[in-house]
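Colleague: Input: one structure, supplied below.
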Amino acid sequence: MSDAKLEGRAAALGIGSLRRHIFLCADQTEPKCCTREEGQRAWEYLKKRLRAEPGIFRTRANCLRLCEQGPIAVVYPEGIWYRGATAEVLARIVDEHLIGGRPVEDYIVARDPLAGPAQPQEPQ
Ligand code: FES
C-alpha cells in the first residue's frame with residue numbers, strides 16, 4: 001500500500017481529528033475478565049453505538065491485563081480504566097464520558113493519562 005493510500009485510509013477513519021479512543025477487552029483468546037459472550041455483546045454494542053459518533057475511535061483488545069470484573073475498558077486521552085463495561089454500562093460510558101466528557105465514577109478502577117511520574121522541578 002502506498003503512503004498516500006494509507007494516509008487516505010487514516011483520514012477516512014477520522015484519524016487526525018479524534019477526541020477520544022476507547023479500548024475494550026472482548027473476544028479474548030483466553031477469556032478471564034468476563035465470558036466470551038459478554039465481551040462480544042459489549043463489543044457489538046460499542047461498534048453499533050459509535051457508528052454515528054465522529055471523533056471517537058474504538059479498538060478491541062485481546063486482553064487489557066486486569067483480568068477481573070470485566071469487560072475491562074480504557075478511555076484516552078484521560079486514561080480512565082473501567083471495570084464491568086457491559087453493554088449496559090457502555091451505554092453510560094458513551095453518553096457521559098466519550099460524548100459528554102464526564103467519566104463514569106461508579107465503574108472507574110484507575111486513572112492514568114500517561115503523563116508519567118512527576119518530574120522534579122528545576123531550581124529557579
Ligand atoms: S481477559 Fe479481559 S483484561 Fe484480561
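Each chain in the C-alpha cells gets a letter, A, B, ..., in the order shown, and its residues are numbered from 1; ligands are numbered from 1 in order too.
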Given a cut-off of 10 Å, what residues near ligand 1 show up using only C-alpha atoms and all ligand atoms, put as a ChimeraX atom specification?
Modeller: /A:24-36,39,61-73,83
Colleague: Next, write the just-selected residues to a file, as a compact mmCIF listing (two decimals), in the first residue's frame, keeping N, CA and C atoms as the atom set.
Modeller:
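The file below, result_13.txt, is the result:
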# COMPACT_ATOMS: atom_id res chain seq x y z
N LEU A 24 -11.51 -1.88 24.39
CA LEU A 24 -12.37 -2.79 25.15
C LEU A 24 -11.83 -4.20 25.03
N CYS A 25 -11.72 -4.87 26.17
CA CYS A 25 -11.31 -6.27 26.17
C CYS A 25 -12.51 -7.11 25.72
N ALA A 26 -12.39 -7.79 24.59
CA ALA A 26 -13.51 -8.59 24.07
C ALA A 26 -12.98 -9.65 23.12
N ASP A 27 -13.73 -10.74 23.03
CA ASP A 27 -13.38 -11.86 22.14
C ASP A 27 -11.94 -12.32 22.38
N GLN A 28 -11.64 -12.50 23.65
CA GLN A 28 -10.28 -12.84 24.06
C GLN A 28 -9.90 -14.26 23.62
N THR A 29 -8.59 -14.46 23.43
CA THR A 29 -8.08 -15.81 23.17
C THR A 29 -8.37 -16.68 24.39
N GLU A 30 -8.15 -16.10 25.57
CA GLU A 30 -8.41 -16.81 26.83
C GLU A 30 -9.27 -15.90 27.70
N PRO A 31 -10.60 -16.03 27.65
CA PRO A 31 -11.46 -15.11 28.39
C PRO A 31 -11.27 -15.27 29.90
N LYS A 32 -10.89 -14.19 30.57
CA LYS A 32 -10.67 -14.25 32.01
C LYS A 32 -11.50 -13.20 32.76
N CYS A 33 -11.61 -12.00 32.21
CA CYS A 33 -12.31 -10.94 32.95
C CYS A 33 -13.82 -11.04 32.81
N CYS A 34 -14.30 -11.75 31.77
CA CYS A 34 -15.73 -11.94 31.56
C CYS A 34 -15.88 -13.11 30.59
N THR A 35 -17.08 -13.56 30.38
CA THR A 35 -17.27 -14.63 29.41
C THR A 35 -17.05 -14.08 28.00
N ARG A 36 -16.74 -14.95 27.08
CA ARG A 36 -16.56 -14.52 25.69
C ARG A 36 -17.85 -13.89 25.17
N GLY A 39 -18.27 -10.31 26.57
CA GLY A 39 -17.35 -9.41 25.89
C GLY A 39 -17.80 -9.12 24.47
N ALA A 61 -9.45 -5.07 22.23
CA ALA A 61 -8.18 -5.60 22.72
C ALA A 61 -8.36 -7.05 23.14
N ASN A 62 -7.36 -7.84 22.95
CA ASN A 62 -7.43 -9.26 23.32
C ASN A 62 -7.37 -9.45 24.83
N CYS A 63 -6.68 -8.56 25.53
CA CYS A 63 -6.60 -8.60 27.00
C CYS A 63 -5.96 -7.29 27.45
N LEU A 64 -6.57 -6.64 28.43
CA LEU A 64 -6.00 -5.40 28.97
C LEU A 64 -5.30 -5.65 30.30
N ARG A 65 -5.13 -6.91 30.66
CA ARG A 65 -4.27 -7.40 31.73
C ARG A 65 -4.79 -7.19 33.16
N LEU A 66 -5.98 -6.64 33.32
CA LEU A 66 -6.55 -6.60 34.68
C LEU A 66 -7.25 -7.92 34.98
N CYS A 67 -7.93 -8.45 33.99
CA CYS A 67 -8.45 -9.84 34.02
C CYS A 67 -9.39 -10.17 35.17
N GLU A 68 -10.08 -9.17 35.70
CA GLU A 68 -11.09 -9.37 36.74
C GLU A 68 -12.21 -8.35 36.49
N GLN A 69 -13.42 -8.73 36.85
CA GLN A 69 -14.57 -7.81 36.82
C GLN A 69 -14.75 -7.13 35.47
N GLY A 70 -14.54 -7.85 34.41
CA GLY A 70 -14.67 -7.27 33.08
C GLY A 70 -16.10 -7.21 32.59
N PRO A 71 -16.28 -6.83 31.34
CA PRO A 71 -15.22 -6.42 30.43
C PRO A 71 -14.48 -5.17 30.93
N ILE A 72 -13.18 -5.17 30.70
CA ILE A 72 -12.34 -4.03 31.06
C ILE A 72 -12.26 -3.09 29.86
N ALA A 73 -12.30 -1.79 30.13
CA ALA A 73 -12.18 -0.79 29.06
C ALA A 73 -11.26 0.32 29.55
N ARG A 83 -14.09 -1.00 34.94
CA ARG A 83 -14.46 -2.41 35.14
C ARG A 83 -15.94 -2.55 34.76
Colleague: Quick one: residues within 10 Å of range 92-101 of chain A, only C-alpha atoms, excluding same-chain residues fewer than 4 positions away - as an NGL selection string?
Modeller: :A and (19-22 or 46 or 49-50 or 53-57 or 73 or 75-76 or 78 or 80 or 82 or 85 or 87-88 or 105 or 107)
Colleague: Nearest residue to Pro103 in chain A out of A:Leu90, A:Ala115, A:Ala10, A:Leu18, using only C-alpha atoms?
Modeller: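 Looking at the shortest contact to Pro103 in chain A, the residue is A:Leu90.
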Colleague: Tell me, which residues of range 14-112 of chain A carry DSSP alpha helix (DSSP H), written as a count of residues only?
Modeller: 21
Colleague: Can you list, as number ranges by chain, every residue of chain A that DSSP puts in strand (DSSP E or B)?
Modeller: A: 20-25, 56-61, 73-76, 80-82, 108-111
Colleague: Mind pulling up the distance from CA of Tyr45 in chain A to CA of Arg58 in chain A?
Modeller: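 Distance between the two atoms: 11.5 Å.
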Colleague: Grab the CA of Glu38 in chain A to CA of Asp112 in chain A distance for me, in Å with one decimal place.
Modeller: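 Interatomic distance here is 25.7 Å.
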Colleague: From the list A:Ala110, A:Ala4, A:Val104, A:Ala52, which residue is nearest Val89 in chain A when using only C-alpha atoms?
Modeller: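 Comparing A:Ala110, A:Ala4, A:Val104, A:Ala52 against Val89 in chain A, the winner is A:Val104.
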Colleague: My list of candidates is A:Gln40, A:Ser2, A:Ser17, A:Thr59. Which is closest to Thr86 in chain A when distances are computed with only C-alpha atoms?
Modeller: A:Gln40
